[in-house]
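Below: upload.txt (compact mmCIF, C-alpha atoms)
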# COMPACT_ATOMS: atom_id res chain seq x y z
CA MET A 1 39.22 -20.40 -24.04
CA LYS A 2 36.98 -17.84 -25.73
CA GLN A 3 34.69 -15.66 -23.66
CA ASP A 4 31.59 -17.25 -25.24
CA ASP A 5 32.86 -20.73 -24.33
CA GLU A 6 33.61 -19.62 -20.77
CA ASP A 7 30.12 -18.20 -20.41
CA ALA A 8 28.60 -21.39 -21.83
CA PHE A 9 30.68 -23.50 -19.44
CA ARG A 10 29.61 -21.40 -16.43
CA GLU A 11 25.97 -21.67 -17.48
CA PHE A 12 26.32 -25.44 -17.93
CA VAL A 13 27.87 -25.86 -14.47
CA ALA A 14 25.21 -23.69 -12.85
CA SER A 15 22.37 -25.61 -14.48
CA ARG A 16 23.75 -29.15 -14.13
CA MET A 17 25.67 -29.07 -10.81
CA LEU A 18 22.82 -30.45 -8.71
CA ALA A 19 22.08 -33.31 -11.12
CA LEU A 20 25.78 -34.21 -11.36
CA ARG A 21 26.12 -34.21 -7.56
CA ARG A 22 23.11 -36.52 -7.26
CA LEU A 23 24.50 -38.85 -9.90
CA ALA A 24 27.84 -39.04 -8.06
CA TYR A 25 26.10 -39.62 -4.73
CA VAL A 26 23.88 -42.40 -6.08
CA THR A 27 26.99 -44.01 -7.57
CA CYS A 28 29.31 -43.86 -4.54
CA GLY A 29 26.95 -43.33 -1.57
CA ASP A 30 29.02 -40.59 0.10
CA TRP A 31 28.39 -36.84 -0.26
CA HIS A 32 32.05 -35.93 0.33
CA ALA A 33 33.26 -38.34 -2.32
CA ALA A 34 30.47 -37.15 -4.63
CA GLU A 35 31.63 -33.52 -4.28
CA ASP A 36 35.21 -34.55 -5.06
CA ALA A 37 34.10 -36.59 -8.06
CA VAL A 38 32.12 -33.70 -9.55
CA ALA A 39 34.92 -31.20 -8.94
CA ASN A 40 37.50 -33.49 -10.56
CA ALA A 41 35.24 -34.20 -13.53
CA LEU A 42 34.48 -30.52 -14.14
CA ALA A 43 38.17 -29.64 -13.91
CA LYS A 44 38.88 -32.17 -16.67
CA LEU A 45 35.87 -31.03 -18.70
CA TYR A 46 36.86 -27.35 -18.79
CA PRO A 47 39.83 -27.59 -21.22
CA ARG A 48 37.81 -29.87 -23.56
CA TRP A 49 34.67 -27.75 -23.50
CA GLY A 50 34.94 -26.16 -26.95
CA ARG A 51 35.56 -29.50 -28.71
CA LEU A 52 32.60 -31.48 -27.36
CA GLU A 53 29.35 -32.05 -29.23
CA ARG A 54 27.51 -33.47 -26.17
CA PRO A 55 29.09 -31.95 -23.07
CA ASP A 56 26.17 -33.13 -20.93
CA LEU A 57 26.73 -36.81 -21.76
CA TYR A 58 30.50 -36.38 -21.46
CA ALA A 59 30.09 -34.74 -18.03
CA GLN A 60 27.78 -37.52 -16.80
CA THR A 61 30.25 -40.16 -17.94
CA MET A 62 33.18 -38.37 -16.30
CA VAL A 63 31.31 -37.82 -13.03
CA PHE A 64 30.16 -41.43 -12.99
CA ARG A 65 33.70 -42.75 -13.52
CA ALA A 66 35.17 -40.30 -10.99
CA ALA A 67 32.61 -41.42 -8.38
CA ILE A 68 33.53 -45.07 -8.98
CA ASP A 69 37.22 -44.15 -8.67
CA GLU A 70 36.53 -42.37 -5.37
CA THR A 71 35.10 -45.59 -3.91
CA ARG A 72 38.13 -47.58 -5.07
CA ARG A 73 40.72 -45.33 -3.45
CA PRO A 74 42.47 -47.10 -0.55
CA TRP A 75 41.36 -45.88 2.86
CA TRP A 76 44.80 -44.43 3.69
CA ARG A 77 44.65 -42.12 0.64
CA ARG A 78 41.25 -40.68 1.46
CA GLU A 79 41.44 -37.27 3.07
CA ARG A 80 38.98 -37.25 5.91
CA SER A 81 38.77 -35.66 9.29
CA ALA A 82 38.14 -37.90 12.27
CA SER A 83 34.61 -36.57 12.68
CA ASP A 84 33.26 -36.27 9.13
CA ARG A 85 31.03 -39.33 9.46
CA MET A 86 28.39 -39.76 12.07
CA PRO A 87 27.08 -43.27 12.66
CA ASP A 88 23.91 -44.05 10.74
CA ILE A 89 21.06 -44.47 13.20
CA ALA A 90 17.73 -45.52 11.81
CA GLN A 91 15.09 -43.05 12.94
CA PRO A 92 11.45 -43.99 12.51
CA ASP A 93 9.54 -41.68 10.21
CA PRO A 94 5.79 -41.37 10.71
CA SER A 95 5.17 -41.37 6.98
CA GLY A 96 7.43 -44.36 6.39
CA ALA A 97 8.77 -42.83 3.17
CA THR A 98 12.10 -41.78 4.66
CA ASP A 99 12.75 -45.17 6.22
CA GLU A 100 11.90 -46.88 2.97
CA ARG A 101 14.30 -44.64 1.02
CA LEU A 102 17.05 -45.41 3.53
CA ARG A 103 16.42 -49.15 3.20
CA VAL A 104 16.48 -48.92 -0.59
CA ARG A 105 19.71 -46.88 -0.46
CA ALA A 106 21.31 -49.40 1.90
CA ALA A 107 20.21 -52.25 -0.37
CA LEU A 108 21.70 -50.48 -3.40
CA GLN A 109 24.99 -50.04 -1.55
CA ALA A 110 24.97 -53.80 -0.78
CA VAL A 111 25.03 -54.60 -4.51
CA PRO A 112 28.59 -55.20 -5.86
CA THR A 113 30.18 -52.09 -7.36
CA ARG A 114 30.12 -53.14 -11.02
CA GLN A 115 26.50 -54.28 -10.82
CA ARG A 116 25.52 -51.10 -8.96
CA ALA A 117 27.25 -49.06 -11.66
CA VAL A 118 25.21 -50.80 -14.35
CA LEU A 119 21.96 -50.30 -12.41
CA VAL A 120 22.66 -46.59 -11.97
CA LEU A 121 23.43 -46.13 -15.65
CA ARG A 122 20.48 -48.18 -16.87
CA TYR A 123 17.73 -47.16 -14.43
CA TYR A 124 18.81 -43.85 -12.90
CA LEU A 125 20.16 -42.25 -16.07
CA GLY A 126 17.92 -44.24 -18.41
CA MET A 127 20.72 -45.41 -20.68
CA SER A 128 20.32 -48.35 -23.02
CA ALA A 129 22.57 -51.38 -22.63
CA GLU A 130 24.68 -50.15 -25.56
CA GLU A 131 25.11 -46.64 -24.08
CA ALA A 132 26.02 -48.07 -20.68
CA ALA A 133 28.51 -50.40 -22.38
CA ASP A 134 30.19 -47.40 -24.02
CA VAL A 135 30.49 -45.63 -20.67
CA LEU A 136 31.91 -48.70 -18.91
CA GLY A 137 34.07 -49.85 -21.80
CA VAL A 138 32.52 -53.32 -21.97
CA ARG A 139 30.22 -55.21 -24.34
CA ALA A 140 26.45 -54.71 -24.25
CA ALA A 141 26.02 -58.40 -23.39
CA THR A 142 28.14 -57.86 -20.28
CA VAL A 143 25.93 -54.92 -19.29
CA ARG A 144 22.81 -57.07 -19.73
CA SER A 145 24.20 -59.91 -17.62
CA GLN A 146 25.41 -57.46 -14.92
CA THR A 147 21.96 -55.84 -14.98
CA SER A 148 20.27 -59.19 -14.43
CA ARG A 149 22.63 -60.14 -11.60
CA GLY A 150 22.44 -56.65 -10.08
CA LEU A 151 18.63 -56.67 -10.05
CA ALA A 152 18.62 -60.12 -8.45
CA ASN A 153 21.07 -58.97 -5.76
CA LEU A 154 19.11 -55.75 -5.22
CA ARG A 155 15.82 -57.64 -4.86
CA THR A 156 17.45 -59.96 -2.31
CA ALA A 157 18.88 -57.02 -0.35
CA LEU A 158 15.54 -55.18 -0.50
CA ALA A 159 13.67 -58.24 0.77
CA ALA A 160 16.20 -58.64 3.60
CA GLY A 161 15.71 -54.96 4.45
CA GLY A 162 11.95 -55.35 4.68
CA VAL A 163 11.02 -53.32 1.60
CA VAL A 164 7.60 -54.38 0.37
CA PHE A 165 6.92 -53.92 -3.34
CA ASP A 166 3.82 -51.98 -4.36
CA GLU A 167 0.95 -53.45 -6.31
CA PRO A 168 1.65 -53.85 -10.06
CA SER A 169 -0.84 -51.07 -10.85
CA GLU A 170 1.27 -48.61 -8.84
CA LEU A 171 4.54 -49.34 -10.55
CA GLY A 172 6.48 -46.15 -11.20
CA ALA A 173 9.61 -45.26 -13.11
CA TRP A 174 12.96 -44.66 -11.48
CA THR A 175 13.58 -40.99 -10.76
CA ASP A 176 15.66 -39.07 -13.27
CA ALA A 177 18.77 -37.16 -12.26
CA ASN A 178 16.89 -33.83 -12.24
CA ALA A 179 14.02 -34.81 -9.91
CA GLU A 180 13.75 -33.25 -6.49
CA PRO A 181 14.70 -35.44 -3.49
CA GLY A 182 11.68 -36.84 -1.75
CA GLY A 183 9.49 -36.20 -4.78
CA ALA A 184 6.94 -38.54 -6.22
CA GLY A 185 9.55 -40.25 -8.36
CA ASP A 186 11.94 -40.90 -5.50
CA PHE A 187 13.10 -44.29 -4.16
CA ARG A 188 9.59 -45.65 -3.54
CA ALA A 189 9.10 -45.63 -7.30
CA THR A 190 12.58 -47.08 -7.62
CA ALA A 191 11.70 -50.08 -5.52
CA ALA A 192 8.53 -50.62 -7.50
CA ALA A 193 10.30 -50.27 -10.82
CA LEU A 194 12.88 -52.86 -9.83
CA GLN A 195 10.18 -55.49 -9.44
CA ARG A 196 9.79 -55.66 -13.23
As structure tokens, please, write out the structure in this file.
Amino acid sequence: MKQDDEDAFREFVASRMLALRRLAYVTCGDWHAAEDAVANALAKLYPRWGRLERPDLYAQTMVFRAAIDETRRPWWRRERSASDRMPDIAQPDPSGATDERLRVRAALQAVPTRQRAVLVLRYYLGMSAEEAADVLGVRAATVRSQTSRGLANLRTALAAGGVVFDEPSELGAWTDANAEPGGAGDFRATAAALQR
């Protein structure tokens, strides 16, 4: 690889690493698996770097697919120490925002994998049905039907988790991959946006 390409690749990784990690985490729900997914995707991206017109879109697609693959690996092939996961204990938050984000995250994890994948692509990354279909290798009609089913399942899981939707005037857009965690566009806006 040429020195200019190497420098461009390093700059790309430095600027996009956080967004790619967040995308992988939202997809698979596990920070360790998200780290592995990003590392694997970047290792595959490096030799193709000079030939890509849209490395950002290619990287997002690769990270997304790697994160899905991480969740499909059988438990006996996952490399984990005995103490890498602490039990999730719901802690009350005076502001209520943290608890709500945890409930929304849990509800999203309750949605079947394929439907969750479509929701992440459509609402987290802002892809159209056609773009999401290209990433998943299915027809746009399949993406639309999975979106409809996924939203219905997510609404059911949110209602079971006690998430109350905001007033229609306060509806926000789902956060983009570059937003800061806990920011104004975080999961509270996500829950409101899903009501549509």
Residues near range 140-154 of chain A, cut-off 12 Å, all atoms listed in the file, skip fewer than 5 positions along chain, as JSON, numbers by chain: {"A": [103, 104, 105, 106, 107, 108, 109, 110, 111, 112, 113, 114, 115, 116, 117, 118, 119, 120, 121, 122, 123, 127, 128, 129, 130, 131, 132, 133, 134, 135, 159, 160, 161, 163, 190, 191, 192, 193, 194, 195, 196]}
Ref. answer, residues at most 10 Å from (30.7, -31.3, -14.3) with all atoms listed in the file, as JSON, numbers by chain: {"A": [9, 12, 13, 14, 16, 17, 18, 19, 20, 21, 37, 38, 39, 40, 41, 42, 43, 44, 45, 46, 55, 56, 58, 59, 60, 61, 62, 63]}
Atom-to-atom span, CA of Ala33 in chain A and CA of Tyr124 in chain A, Å: 18.7 Å
Distance of CA of Leu158 in chain A from CA of Asp30 in chain A, expressed in Å to one decimal place: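 Between CA of Asp30 in chain A and CA of Leu158 in chain A the gap works out to 19.9 Å.
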Residue neighbourhood Asp36 in chain A, 9 Å, only C-alpha atoms, exclusion window fewer than 5 positions, as a count of residues only: 5
Among listed residues A:Val138, A:Ala157, A:Trp49, A:Thr98, nearest Asp4 in chain A (using all atoms listed in the file): A:Trp49
